[in-house]
Structures are given as structure tokens and as C-alpha cells.
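Enquirer: my_file35.csv is reproduced in full below (CSV, C-alpha atoms and all ligand atoms).
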chain,number,residue,atom,x,y,z
M,1,MET,CA,0.0,0.0,0.0
M,2,GLU,CA,1.2,3.5,-0.8
M,3,ILE,CA,0.0,6.8,0.7
M,4,LEU,CA,-0.6,9.5,-1.9
M,5,SER,CA,-1.1,13.3,-1.4
M,6,THR,CA,-3.8,15.4,-3.0
M,7,SER,CA,-1.4,16.9,-5.6
M,8,ALA,CA,-2.6,16.8,-9.2
M,9,ARG,CA,0.0,14.2,-10.0
M,10,ASP,CA,-1.0,11.9,-7.1
M,11,LEU,CA,-4.7,12.3,-7.9
M,12,GLU,CA,-3.9,11.3,-11.4
M,13,ARG,CA,-2.2,8.1,-10.2
M,14,ALA,CA,-5.0,7.3,-7.8
M,15,ALA,CA,-7.6,7.9,-10.6
M,16,ARG,CA,-5.7,5.6,-13.0
M,17,ALA,CA,-5.5,2.9,-10.3
M,18,ILE,CA,-9.2,3.1,-9.7
M,19,ARG,CA,-9.9,2.9,-13.4
M,20,GLU,CA,-7.7,-0.1,-13.7
M,21,GLY,CA,-9.4,-2.0,-10.9
M,22,LEU,CA,-7.3,-1.3,-7.9
M,23,LEU,CA,-8.5,-0.3,-4.5
M,24,VAL,CA,-7.9,3.3,-3.4
M,25,ALA,CA,-9.1,4.7,-0.1
M,26,ILE,CA,-10.4,8.2,-0.7
M,27,PRO,CA,-11.2,11.1,1.6
M,28,THR,CA,-14.7,12.5,1.6
M,29,GLU,CA,-16.4,15.1,3.8
M,30,THR,CA,-18.1,12.3,5.8
M,31,VAL,CA,-15.6,9.5,6.3
M,32,TYR,CA,-12.9,7.8,4.2
M,33,GLY,CA,-14.3,5.5,1.5
M,34,LEU,CA,-12.7,2.4,0.0
M,35,GLY,CA,-13.0,3.3,-3.7
M,36,ALA,CA,-13.2,1.0,-6.6
M,37,ASN,CA,-14.4,1.2,-10.3
M,38,ALA,CA,-18.1,0.7,-10.0
M,39,TRP,CA,-18.2,-0.9,-13.5
M,40,ASP,CA,-15.6,-3.5,-12.6
M,41,ALA,CA,-17.2,-6.5,-10.8
M,42,ARG,CA,-13.7,-7.9,-9.9
M,43,ALA,CA,-12.7,-4.7,-8.2
M,44,LEU,CA,-16.0,-4.7,-6.3
M,45,ALA,CA,-15.4,-8.3,-5.2
M,46,ARG,CA,-12.0,-7.2,-3.8
M,47,VAL,CA,-13.8,-4.4,-1.8
M,48,PHE,CA,-16.0,-7.0,-0.1
M,49,GLU,CA,-13.0,-9.2,0.5
M,50,ALA,CA,-10.8,-6.4,1.9
M,51,LYS,CA,-13.5,-5.2,4.3
M,52,ASN,CA,-14.6,-8.7,5.2
M,53,ARG,CA,-18.0,-7.4,4.2
M,54,PRO,CA,-21.0,-9.8,3.7
M,55,SER,CA,-22.1,-9.7,0.1
M,56,PHE,CA,-25.7,-8.9,1.1
M,57,ASP,CA,-24.6,-5.4,2.1
M,58,PRO,CA,-24.7,-3.1,-1.0
M,59,LEU,CA,-22.2,-0.3,-1.7
M,60,ILE,CA,-22.7,3.4,-2.3
M,61,ILE,CA,-21.7,4.7,-5.7
M,62,HIS,CA,-20.1,8.1,-5.8
M,63,VAL,CA,-20.2,10.5,-8.8
M,64,ALA,CA,-18.2,13.6,-9.5
M,65,ASP,CA,-21.1,15.7,-10.5
M,66,PRO,CA,-24.9,15.5,-9.8
M,67,GLU,CA,-25.8,14.9,-13.4
M,68,ASP,CA,-23.5,11.8,-13.5
M,69,ALA,CA,-25.9,10.0,-11.2
M,70,GLY,CA,-28.0,9.3,-14.3
M,71,GLN,CA,-25.2,6.8,-15.3
M,72,VAL,CA,-26.1,4.5,-12.5
M,73,ALA,CA,-29.7,5.3,-11.4
M,74,ASP,CA,-33.1,6.4,-12.7
M,75,LEU,CA,-33.5,10.0,-11.7
M,76,ALA,CA,-37.1,10.3,-12.8
M,77,VAL,CA,-38.3,9.2,-9.4
M,78,PRO,CA,-40.5,11.9,-7.6
M,79,GLN,CA,-38.4,14.2,-5.4
M,80,ALA,CA,-35.0,12.9,-6.7
M,81,ARG,CA,-34.2,16.0,-8.8
M,82,LEU,CA,-35.4,18.3,-6.0
M,83,LEU,CA,-33.3,16.7,-3.4
M,84,MET,CA,-30.2,16.6,-5.7
M,85,GLU,CA,-30.6,20.4,-6.3
M,86,HIS,CA,-30.9,21.2,-2.6
M,87,PHE,CA,-28.3,18.9,-1.1
M,88,TRP,CA,-25.8,17.7,-3.7
M,89,PRO,CA,-22.9,17.8,-3.6
M,90,GLY,CA,-23.1,16.8,0.1
M,91,PRO,CA,-23.6,14.1,2.8
M,92,LEU,CA,-26.9,12.7,1.3
M,93,THR,CA,-27.1,9.3,-0.3
M,94,LEU,CA,-30.2,8.6,-2.4
M,95,VAL,CA,-31.5,5.0,-3.0
M,96,LEU,CA,-33.0,5.0,-6.5
M,97,PRO,CA,-34.0,2.4,-9.1
M,98,LYS,CA,-30.7,1.0,-10.6
M,99,ASN,CA,-29.5,1.0,-14.2
M,100,ASP,CA,-28.8,-2.4,-15.8
M,101,ARG,CA,-25.2,-1.5,-16.3
M,102,VAL,CA,-24.5,-1.5,-12.5
M,103,PRO,CA,-23.1,-4.9,-11.5
M,104,ASP,CA,-25.3,-6.9,-9.2
M,105,LEU,CA,-22.5,-7.2,-6.7
M,106,ALA,CA,-22.6,-3.4,-6.1
M,107,THR,CA,-26.2,-3.6,-5.1
M,108,SER,CA,-26.3,-7.1,-3.6
M,109,GLY,CA,-28.8,-8.0,-6.3
M,110,LEU,CA,-31.3,-5.3,-5.2
M,111,PRO,CA,-33.2,-3.5,-7.9
M,112,SER,CA,-32.1,-0.2,-6.3
M,113,VAL,CA,-28.8,1.5,-6.1
M,114,ALA,CA,-27.4,4.0,-3.5
M,115,VAL,CA,-25.7,7.0,-5.1
M,116,ARG,CA,-24.1,10.1,-3.8
M,117,CYS,CA,-22.2,13.2,-5.0
M,118,PRO,CA,-19.8,14.0,-2.2
M,119,ALA,CA,-19.0,17.6,-1.3
M,120,SER,CA,-15.3,16.9,-0.9
M,121,LEU,CA,-13.4,18.6,-3.8
M,122,VAL,CA,-10.6,16.0,-3.6
M,123,ALA,CA,-13.1,13.2,-3.9
M,124,ARG,CA,-14.9,14.8,-6.8
M,125,GLU,CA,-11.6,15.6,-8.6
M,126,LEU,CA,-10.4,12.1,-8.2
M,127,ILE,CA,-13.7,10.6,-9.5
M,128,ARG,CA,-13.7,13.0,-12.4
M,129,ARG,CA,-10.2,12.0,-13.3
M,130,ALA,CA,-11.0,8.3,-13.0
M,131,GLY,CA,-13.8,8.8,-15.5
M,132,VAL,CA,-15.9,6.1,-13.9
M,133,PRO,CA,-18.4,6.1,-11.0
M,134,VAL,CA,-16.7,5.0,-7.8
M,135,ALA,CA,-18.2,2.5,-5.4
M,136,ALA,CA,-17.0,3.3,-1.9
M,137,PRO,CA,-18.1,1.8,1.4
M,138,SER,CA,-16.5,3.3,4.5
M,139,ALA,CA,-12.9,2.2,4.6
M,140,ASN,CA,-13.0,0.1,7.7
M,141,PRO,CA,-13.3,-3.7,8.4
M,142,PHE,CA,-17.0,-4.6,8.4
M,143,GLY,CA,-18.6,-3.6,11.8
M,144,TYR,CA,-15.7,-1.6,13.1
M,145,LEU,CA,-15.4,2.2,13.6
M,146,SER,CA,-15.4,4.3,10.5
M,147,PRO,CA,-12.2,6.1,9.5
M,148,THR,CA,-12.0,9.9,9.6
M,149,ARG,CA,-8.2,10.1,8.9
M,150,ALA,CA,-5.8,8.4,6.5
M,151,GLU,CA,-4.0,6.8,9.5
M,152,HIS,CA,-7.2,5.0,10.6
M,153,VAL,CA,-7.4,3.4,7.1
M,154,ALA,CA,-3.7,2.5,7.1
M,155,ALA,CA,-4.0,0.9,10.5
M,156,GLN,CA,-7.1,-1.1,9.7
M,157,LEU,CA,-6.8,-2.0,6.0
M,158,GLY,CA,-3.3,-1.0,5.0
M,159,ASP,CA,-2.2,-4.5,4.0
M,160,ARG,CA,-5.3,-5.2,1.9
M,161,ILE,CA,-5.5,-2.2,-0.4
M,162,ASP,CA,-3.4,-0.5,-3.0
M,163,PHE,CA,-3.4,3.2,-2.2
M,164,ILE,CA,-4.7,5.8,0.3
M,165,VAL,CA,-5.2,9.4,-0.7
M,166,ASP,CA,-4.4,11.4,2.4
M,167,GLY,CA,-6.8,14.4,2.4
M,168,GLY,CA,-6.5,15.1,6.1
M,169,ARG,CA,-9.3,14.8,8.6
M,170,CYS,CA,-12.9,14.5,7.4
M,171,THR,CA,-14.9,17.6,8.2
M,172,VAL,CA,-18.4,16.1,8.8
M,173,GLY,CA,-17.1,13.0,10.6
M,174,VAL,CA,-20.2,10.8,10.4
M,175,GLU,CA,-21.4,9.0,7.2
M,176,SER,CA,-24.0,10.3,4.8
M,177,THR,CA,-27.7,10.2,5.5
M,178,VAL,CA,-29.2,7.4,3.4
M,179,LEU,CA,-32.6,8.3,2.0
M,180,ASP,CA,-34.7,5.6,0.2
M,181,LEU,CA,-36.7,7.2,-2.6
M,182,CYS,CA,-38.0,3.8,-3.7
M,183,SER,CA,-40.2,3.9,-0.6
M,184,ASP,CA,-43.4,5.9,-0.5
M,185,PRO,CA,-43.2,8.1,1.5
M,186,PRO,CA,-39.4,8.5,1.3
M,187,LEU,CA,-37.6,6.8,4.2
M,188,ILE,CA,-34.4,7.7,6.0
M,189,LEU,CA,-32.6,4.3,6.3
M,190,ARG,CA,-29.6,5.8,8.2
M,191,PRO,CA,-29.4,9.2,9.9
M,192,GLY,CA,-26.2,10.9,8.9
M,193,GLY,CA,-24.4,14.1,8.0
M,194,LEU,CA,-27.5,15.8,6.5
M,195,PRO,CA,-30.0,16.4,9.3
M,196,LEU,CA,-33.6,15.1,9.0
M,197,GLU,CA,-35.0,18.6,9.7
M,198,LEU,CA,-33.3,19.9,6.5
M,199,ILE,CA,-34.7,17.0,4.4
M,200,ALA,CA,-38.2,17.4,5.9
M,201,GLY,CA,-38.0,21.1,4.7
M,202,VAL,CA,-37.9,19.8,1.1
M,203,VAL,CA,-39.8,16.5,1.4
M,204,PRO,CA,-42.4,17.2,4.2
M,205,GLY,CA,-43.7,13.6,4.4
M,206,VAL,CA,-40.2,12.0,4.9
M,207,GLU,CA,-40.2,9.1,7.5
M,208,VAL,CA,-37.4,7.7,9.6
M,209,PHE,CA,-36.7,4.0,9.8
M,210,ASP,CA,-37.8,2.8,13.2
M,211,ARG,CA,-35.5,0.2,14.6
M,212,ALA,CA,-38.1,-0.8,17.2
M,213,THR,CA,-40.9,-1.7,14.8
M,214,THR,CA,-39.2,-2.6,11.5
M,215,SER,CA,-36.7,-5.2,10.6
M,216,PRO,CA,-33.5,-4.0,9.0
M,217,ARG,CA,-33.3,-3.4,5.3
M,218,ALA,CA,-29.7,-2.4,5.2
M,219,PRO,CA,-26.8,-3.7,7.4
M,220,GLY,CA,-26.2,0.0,8.4
M,221,GLN,CA,-29.5,-0.5,10.3
M,222,LEU,CA,-28.2,-3.6,12.2
M,223,PRO,CA,-28.2,-2.8,15.9
M,224,SER,CA,-24.5,-3.6,16.2
M,225,HIS,CA,-22.1,-1.8,13.8
M,226,TYR,CA,-19.5,1.0,13.9
M,227,ALA,CA,-18.2,-0.6,17.1
M,228,PRO,CA,-14.9,-0.2,19.0
M,229,THR,CA,-13.3,-3.4,20.3
M,230,ARG,CA,-13.8,-2.1,23.9
M,231,PRO,CA,-17.3,-2.4,25.4
M,232,LEU,CA,-19.1,1.0,25.1
M,233,PHE,CA,-22.1,1.8,27.3
M,234,LEU,CA,-24.5,4.5,26.1
M,235,VAL,CA,-26.2,6.6,28.8
M,236,PRO,CA,-28.8,9.3,28.6
M,237,ALA,CA,-27.9,12.9,27.8
M,238,GLN,CA,-25.8,14.3,30.6
M,239,GLY,CA,-26.1,10.9,32.3
M,240,ILE,CA,-22.7,11.0,33.8
M,241,PRO,CA,-22.2,10.7,36.7
M,242,ALA,CA,-25.7,9.4,37.6
M,243,SER,CA,-25.5,6.3,35.3
M,244,LEU,CA,-22.0,5.4,36.6
M,245,ALA,CA,-23.2,5.7,40.2
M,246,GLU,CA,-26.2,3.6,39.4
M,247,ALA,CA,-24.1,0.8,37.9
M,248,GLY,CA,-21.8,0.9,40.9
M,249,ARG,CA,-18.8,2.1,38.8
M,250,LEU,CA,-17.8,5.2,40.8
M,251,GLY,CA,-14.6,4.7,42.7
M,252,SER,CA,-14.5,0.9,42.0
M,253,LYS,CA,-11.3,-0.3,40.3
M,254,PRO,CA,-10.9,-2.0,38.0
M,255,PRO,CA,-12.4,-1.5,35.4
M,256,ARG,CA,-10.6,1.5,34.0
M,257,ILE,CA,-13.2,3.7,32.6
M,258,ALA,CA,-13.1,6.5,29.9
M,259,ALA,CA,-16.1,8.8,29.5
M,260,LEU,CA,-17.2,10.6,26.4
M,261,CYS,CA,-19.3,13.6,27.5
M,262,PHE,CA,-21.4,16.2,25.7
M,263,GLY,CA,-23.3,19.2,26.9
M,264,ARG,CA,-23.6,21.6,29.7
M,265,ASP,CA,-20.8,21.5,32.3
M,266,SER,CA,-19.2,18.3,31.1
M,267,ALA,CA,-16.1,19.2,33.0
M,268,GLY,CA,-17.9,19.8,36.3
M,269,ARG,CA,-19.9,16.6,35.9
M,270,ALA,CA,-16.8,14.6,35.2
M,271,ARG,CA,-15.1,16.1,38.3
M,272,ALA,CA,-18.0,14.5,40.3
M,273,CYS,CA,-16.8,11.1,39.2
M,274,PRO,CA,-13.8,9.9,41.3
M,275,GLY,CA,-13.6,6.6,39.5
M,276,LEU,CA,-13.1,8.0,36.0
M,277,ASP,CA,-9.7,7.6,34.5
M,278,MET,CA,-10.2,9.6,31.3
M,279,VAL,CA,-12.8,12.2,30.3
M,280,VAL,CA,-13.3,13.4,26.7
M,281,ASP,CA,-15.6,16.3,26.0
M,282,LEU,CA,-16.9,15.9,22.5
M,283,SER,CA,-17.5,19.6,22.2
M,284,PRO,CA,-16.6,22.2,24.9
M,285,ASP,CA,-19.1,24.6,23.2
M,286,SER,CA,-21.8,21.9,23.2
M,287,ASP,CA,-22.0,22.0,19.4
M,288,PRO,CA,-23.3,18.8,17.9
M,289,VAL,CA,-21.7,19.6,14.6
M,290,GLU,CA,-18.3,19.6,16.3
M,291,ALA,CA,-19.2,16.5,18.3
M,292,ALA,CA,-20.0,14.6,15.0
M,293,ALA,CA,-16.7,15.8,13.4
M,294,VAL,CA,-14.6,14.4,16.2
M,295,LEU,CA,-16.7,11.4,17.2
M,296,PHE,CA,-14.9,8.5,15.4
M,297,ASP,CA,-11.5,10.2,15.9
M,298,ARG,CA,-12.1,10.1,19.7
M,299,LEU,CA,-13.4,6.6,19.6
M,300,HIS,CA,-10.4,5.4,17.7
M,301,GLU,CA,-8.1,7.0,20.3
M,302,LEU,CA,-10.0,5.6,23.3
M,303,ASP,CA,-10.1,2.2,21.7
M,304,LYS,CA,-6.4,2.2,21.0
M,305,ALA,CA,-5.6,3.4,24.5
M,306,GLY,CA,-7.1,0.2,25.9
M,307,TRP,CA,-9.5,1.4,28.6
M,308,ASP,CA,-11.6,-1.5,29.9
M,309,GLU,CA,-14.9,0.4,29.3
M,310,ILE,CA,-16.1,3.4,27.4
M,311,TRP,CA,-19.2,5.2,28.8
M,312,ALA,CA,-20.8,7.7,26.4
M,313,GLU,CA,-23.5,10.3,26.9
M,314,ARG,CA,-26.2,10.7,24.2
M,315,LEU,CA,-26.6,14.0,22.5
M,316,PRO,CA,-30.0,15.8,22.2
M,317,GLU,CA,-31.9,13.9,19.5
M,318,HIS,CA,-32.1,16.6,16.8
M,319,GLY,CA,-30.0,17.8,13.9
M,320,ILE,CA,-26.7,15.9,13.4
M,321,GLY,CA,-27.1,14.7,17.0
M,322,ARG,CA,-29.4,12.0,15.7
M,323,ALA,CA,-26.5,10.6,13.6
M,324,VAL,CA,-24.1,10.7,16.5
M,325,ASN,CA,-26.7,8.9,18.8
M,326,ASP,CA,-27.3,6.3,16.1
M,327,ARG,CA,-23.6,5.5,15.8
M,328,LEU,CA,-23.1,5.5,19.5
M,329,PHE,CA,-26.1,3.2,19.9
M,330,LYS,CA,-24.8,0.8,17.3
M,331,ALA,CA,-21.3,0.9,18.9
M,332,SER,CA,-22.8,0.1,22.3
M,333,VAL,CA,-23.2,-3.0,24.4
M,334,LYS,CA,-27.0,-3.3,24.8
M,335,GLY,CA,-27.9,-2.9,28.5
M,336,VAL,CA,-25.8,-1.4,31.2
M,337,PRO,CA,-23.8,-3.3,33.8
M,338,GLY,CA,-25.5,-3.7,37.1
M,339,LYS,CA,-28.9,-3.6,35.3
M,340,ASN,CA,-30.7,-6.0,33.1
P,1,LIG,O1,-20.7,8.9,4.0
P,1,LIG,C1,-20.9,7.8,3.5
P,1,LIG,O2,-22.0,7.4,3.1
P,1,LIG,C2,-19.6,6.9,3.3
P,1,LIG,C3,-18.7,7.7,2.3
P,1,LIG,C4,-17.5,6.9,2.0
P,1,LIG,O3,-19.4,8.1,1.2
P,1,LIG,N1,-19.9,5.6,2.8
P,1,LIG,C5,-20.5,4.7,3.6
P,1,LIG,O4,-20.7,3.5,3.0
P,1,LIG,O5,-20.9,4.9,4.7
P,1,LIG,P1,-21.1,2.2,3.7
P,1,LIG,O6,-21.0,1.1,2.7
P,1,LIG,O7,-20.3,2.0,5.0
P,1,LIG,O8,-22.6,2.3,4.1
P,1,LIG,C6,-23.6,2.3,3.1
P,1,LIG,C7,-25.0,2.1,3.6
P,1,LIG,C8,-25.1,0.7,4.2
P,1,LIG,O9,-25.9,0.7,5.4
P,1,LIG,C9,-25.8,0.0,3.0
P,1,LIG,O10,-26.5,-1.1,3.5
P,1,LIG,C10,-26.7,1.1,2.5
P,1,LIG,O11,-25.9,2.2,2.5
P,1,LIG,N2,-27.1,0.8,1.1
P,1,LIG,C11,-26.4,0.7,0.0
P,1,LIG,N3,-27.1,0.4,-1.1
P,1,LIG,C12,-28.4,0.3,-0.7
P,1,LIG,C13,-29.6,0.0,-1.3
P,1,LIG,N4,-29.7,-0.2,-2.6
P,1,LIG,N5,-30.7,0.0,-0.5
P,1,LIG,C14,-30.7,0.2,0.8
P,1,LIG,N6,-29.5,0.5,1.5
P,1,LIG,C15,-28.4,0.6,0.7
P,2,MG,MG,-19.7,1.6,6.8
Is it possible to express this structure as C-alpha cells?

Expert:
Amino acid sequence: MEILSTSARDLERAARAIREGLLVAIPTETVYGLGANAWDARALARVFEAKNRPSFDPLIIHVADPEDAGQVADLAVPQARLLMEHFWPGPLTLVLPKNDRVPDLATSGLPSVAVRCPASLVARELIRRAGVPVAAPSANPFGYLSPTRAEHVAAQLGDRIDFIVDGGRCTVGVESTVLDLCSDPPLILRPGGLPLELIAGVVPGVEVFDRATTSPRAPGQLPSHYAPTRPLFLVPAQGIPASLAEAGRLGSKPPRIAALCFGRDSAGRARACPGLDMVVDLSPDSDPVEAAAVLFDRLHELDKAGWDEIWAERLPEHGIGRAVNDRLFKASVKGVPGKN
């Protein structure tokens, strides 16, 4: 594996590699993607293999310009054009009827295809130079934390892929919102970088997949995903120290505990926890956008540092806070120690 810069020369090399069927990790505004030529079924097979991803989990196809989505999907679906105009380029993936030319492997045999035009200028330039649509799942082993830096990709998949384009840290930090336009009304399958409230402003009837009442349609909806290797317990907003106290974790050692806090007076609340070994405030200004941007970064750090347990507070359930809560929920051990 070789790490490339975002210089024109390196982007040209990366683009050629993609065109020729190699695997190239690419920066986007959400997370790093593991890019492959979407027309090349062999390259797609290598993506599944490198990620250890089950073949029933379809890929997102990325295009350099909104109009290029017509190469892979039928854009005549109600609302598609409207949403593209409002939110592309950006962190919104649309699930649309697929074109025949898209290999079945990309869509896991579904009649629909997920497509997105990323906001990242590096990603768009790379895809434009490649001259083909680029299939790119997040560049992590299946089920593990998503990468928001080139180093995360190198550590997780370095020996299984050909190149990484190092575009620095991803600015949004959580994956795109996946919106199914083949459902009526349109259905958000995965909350993400584009908040529900903004989509509802354009598509008033939009619904949100409800984990409690519906079985998963996409593995991103599985209850366990995006997980660190250490057990993570999710507690209510500003639930530290109360939840730790309830679980009998205050002052009892081991386990060695790291806390991920968000919201009013995180520092003060953490000081009230004598048993805590490490406190991370996701945003000193209580800004959910900042919290999303650093979420996976902090989780990677905590995971690497080898704390016995990570305890994380929910964010308020609106805006991009929904995506952060969704990722934390999927990363979490269900249930809290000391309780059933
Ligand atoms: O921000 C993102 O979306 C990143 C960057 C790299 O663009 N990509 C990403 O890809 O998160 P991935 O593969 O990790 O997640 C794609 C999600 C999965 O939950 C998959 O099941 C769903 O999109 N998906 C893909 N095609 C679909 C389809 N035809 N119908 C329903 N869900 C689909
Ligand atoms: Mg993923």
C-alpha cells in the first residue's frame, strides 16, 4: 500500500489505479471510503473481501457531478431532482432504481442503487479524473469504527488495499444520510451528516426507519455496527455521573473507565466522578456539529488506549445529534452493567 497526497500528480495516479481495478481509499467530507471502479465486478469483489463485508450489504456509488448520477440510477423518481438540487454535492445518499449496467455485486442483487455526489473537492476531482463512477463503502473492516483520517485506514486495511489518498481529517465526521426514494413516502434508512430537519423542509412527508418496529433493510441498520473493540455503554444525555453511580462504577477499580461527555458543564460533571480515568468532552461549546466531526476520531483514540470500558452520553436527539446517537447506539453494548 502506498500513501498519496492530494497533488494533481498523485490524484492522477489514484484515478488511474481506480480505473484499472485497484482499491484506493479516498477522503470524503463524511468518512474515508474504500473506492473501486463501479463498472468492474472484480474490483467490487475485492472491496467486499478487503472489508470482510458480507455480500448482502450493498455499496454506495459516488459520482463527481450530480448529473452523472444518471449513469447508475433512474433520476425520474419523484423528489429525486429536487433533493439533488438542494443537497448535492453533500452528505446525502439517495436510494434509486438502478440502471442495468451497474453490476449486481454493487447492489447485492437489489433493484435499487445507493448513489451520492460528495462535497469533498478532492473526492470529486479524483472521481472526475477516474472517468468512472466509484463504489466506496466506508474504509473500515465490516462492523468496526469508520475512518476519519488516513492513518485510521492505514492501520485497519493498510495491508489489503493499494493506495490511500491522504486528504486530512474528514470535516463532517459521520457517514451520509441514506434516504430511500423507492419507498413511499421516502424513508431515511440511516441518519447521517445531513439532518432530518433539512430534508423534511424539502420533502415534508419523509419518514425515519424505526429500529423498534421494523426489521433492518440495510446492514447499516443492524443494531451492532460501527463498534470499537472495547465495550461501550450508552447513557442518557448528561447521564454522567448518575449512570455510573447507578451501575456501581464510581470509585470501584478495576475497570478502568473512559467517559465521552457532551453538553452543559461536562467538566464539572466529570469532576463529580472519582472513579473516572479519562474524560473526553466531544465539544466544549456543546456544538453537535463539532461532536460529530470528532466522534470517530475520539473513539479510535480511546479504543487504542485500551480502557476497559467506554461510557458515552447521548446528544440531544435533533440535527446531526441523531446521527451521533445512532452511531453510539450501534457501537454500544446493549444494556448497562448492574442492570438487566
Ligand atoms: O458517507 C458515506 O456514506 C460513506 C462515504 C465513503 O461516502 N460511505 C458509507 O458506505 O458509509 P457504507 O457502505 O459504509 O454504508 C452504506 C450504507 C449501508 O448501510 C448499506 O446497507 C446502505 O448504505 N445501502 C447501500 N445500497 C443500498 C440500497 N440499494 N438499498 C438500501 N440501502 C443501501
Ligand atoms: Mg460503513

Enquirer: Using all atoms listed in the file for the distances, tell me which of M:Leu110, M:Ala36, M:Leu92, M:Leu75 is nearest to Ser55 of chain M.

Expert: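 Looking at the shortest contact to Ser55 of chain M, the residue is M:Leu110.
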
Enquirer: Once you count only C-alpha atoms and all ligand atoms, what closest atom pair and distance in Å to one decimal does each residue of chain M within 7 Å of ligand LIG 1 (chain P) have, with rows by chain and rising residue number, as CSV?

Expert:
residue,atom,partner,partner_atom,distance
M:Thr28,CA,P:LIG1,C4,6.3
M:Thr30,CA,P:LIG1,O1,4.6
M:Val31,CA,P:LIG1,C3,5.4
M:Tyr32,CA,P:LIG1,C4,5.2
M:Gly33,CA,P:LIG1,C4,3.5
M:Leu34,CA,P:LIG1,C4,6.9
M:Asp57,CA,P:LIG1,O10,4.9
M:Pro58,CA,P:LIG1,N3,4.2
M:Leu59,CA,P:LIG1,C11,4.6
M:Ile60,CA,P:LIG1,C11,5.1
M:Pro91,CA,P:LIG1,O1,6.1
M:Thr93,CA,P:LIG1,O2,6.4
M:Val95,CA,P:LIG1,N4,5.5
M:Thr107,CA,P:LIG1,N4,5.5
M:Leu110,CA,P:LIG1,N4,5.9
M:Ser112,CA,P:LIG1,N4,4.4
M:Val113,CA,P:LIG1,N4,4.0
M:Ala114,CA,P:LIG1,N3,4.3
M:Pro118,CA,P:LIG1,O3,6.8
M:Ala136,CA,P:LIG1,C4,5.3
M:Pro137,CA,P:LIG1,O6,3.3
M:Ser138,CA,P:LIG1,O7,4.0
M:Val174,CA,P:LIG1,O1,6.7
M:Glu175,CA,P:LIG1,O1,3.3
M:Ser176,CA,P:LIG1,O1,3.7
M:Thr177,CA,P:LIG1,O2,6.8
M:Val178,CA,P:LIG1,O11,6.2
M:Asp180,CA,P:LIG1,C14,6.7
M:Leu189,CA,P:LIG1,N6,6.9
M:Arg190,CA,P:LIG1,O9,6.9
M:Arg217,CA,P:LIG1,C14,6.3
M:Ala218,CA,P:LIG1,O10,3.8
M:Pro219,CA,P:LIG1,O10,4.7
M:Gly220,CA,P:LIG1,O9,3.1
M:Gln221,CA,P:LIG1,O9,6.2

Enquirer: I'd like the neighbourhood of segment 300-314 of chain M as a ChimeraX atom specification, where a residue qualifies if any of its atoms comes within 9 Å (using only C-alpha atoms), though same-chain residues fewer than 3 positions away should be ignored.

Expert: /M:145-147,152,228-240,244,254-263,277-278,295-297,317,321,324-325,328-329,332

Enquirer: Name the closest residue to Ala14 of chain M among the candidates M:His318, M:Arg327, M:Arg129, M:Lys253; distances are taken between atoms, counting all atoms listed in the file.

Expert: M:Arg129

Enquirer: Mind giving me the straight-line distance from atom CA of Ala150 of chain M to atom CA of Arg298 of chain M in Å, one decimal?

Expert: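 Taking atom CA of Ala150 of chain M and atom CA of Arg298 of chain M, their separation equals 14.7 Å.
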
Enquirer: Find the residues near Trp39 of chain M: any atom within 9 Å, counting all atoms listed in the file, skip ones fewer than 5 places away on the same chain, and give them as a PDB file with C-alpha atoms, keeping the file's coordinate frame.

Expert:
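selection_14.pdb written:
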ATOM      1  CA  LEU M  44     -16.000  -4.700  -6.300  1.00  0.00           C
ATOM      2  CA  ARG M 101     -25.200  -1.500 -16.300  1.00  0.00           C
ATOM      3  CA  VAL M 102     -24.500  -1.500 -12.500  1.00  0.00           C
ATOM      4  CA  PRO M 103     -23.100  -4.900 -11.500  1.00  0.00           C
ATOM      5  CA  ALA M 106     -22.600  -3.400  -6.100  1.00  0.00           C
ATOM      6  CA  VAL M 132     -15.900   6.100 -13.900  1.00  0.00           C
ATOM      7  CA  PRO M 133     -18.400   6.100 -11.000  1.00  0.00           C
ATOM      8  CA  VAL M 134     -16.700   5.000  -7.800  1.00  0.00           C
ATOM      9  CA  ALA M 135     -18.200   2.500  -5.400  1.00  0.00           C
TER      10      ALA M 135
END

Enquirer: Near Cys273 of chain M, within 6 Å and counting only C-alpha atoms, which residues show up once chain neighbours fewer than 3 positions away are dropped, as a PyMOL selection string?

Expert: chain M and resi 241+270+276

Enquirer: Quick one: residues within 7 Å of Val24 of chain M, only C-alpha atoms, excluding same-chain residues fewer than 2 positions away - as a list in words?

Expert: Ala14, Ile18, Leu22, Ile26, Leu34, Gly35, Ala36, Ile161, Asp162, Phe163 and Ile164 of chain M

Enquirer: Suppose you want the space between atom CA of Ser108 of chain M and atom CA of Ala45 of chain M; what is it in Å?

Expert: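 A separation of 11.1 Å between them.
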
Enquirer: With only C-alpha atoms and all ligand atoms as the atoms that count, which of M:Ala242, M:Ala227, M:Ala154, M:Ala292 lies nearest to ligand MG 2 (chain P)?

Expert: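 Smallest separation from ligand MG 2 (chain P) among the options: M:Ala227.
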
Enquirer: Quick check, in Å to one decimal: how far apart do atom CA of Asp74 of chain M and atom CA of Ile188 of chain M lie?

Expert: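 For atom CA of Asp74 of chain M relative to atom CA of Ile188 of chain M, the distance reads 18.8 Å.
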
Enquirer: Using only C-alpha atoms and all ligand atoms, find the one residue out of M:Ala155, M:Ala139, M:Ala15, M:Ala76 that sits nearest to ligand MG 2 (chain P).

Expert: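 For ligand MG 2 (chain P), the nearest of the candidates is M:Ala139.
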
Enquirer: Which residue is closest to Pro185 of chain M? Choose from M:Asn99, M:Thr6, M:Gln79, M:Thr148 and count all atoms listed in the file.

Expert: M:Gln79

Enquirer: Given the choices M:Gly275, M:Gly90, M:Gly167, M:Pro186, which gets closest to Val122 of chain M if the distance is worked out from all atoms listed in the file?

Expert: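 With all atoms listed in the file as the atom set, the closest residue is M:Gly167.
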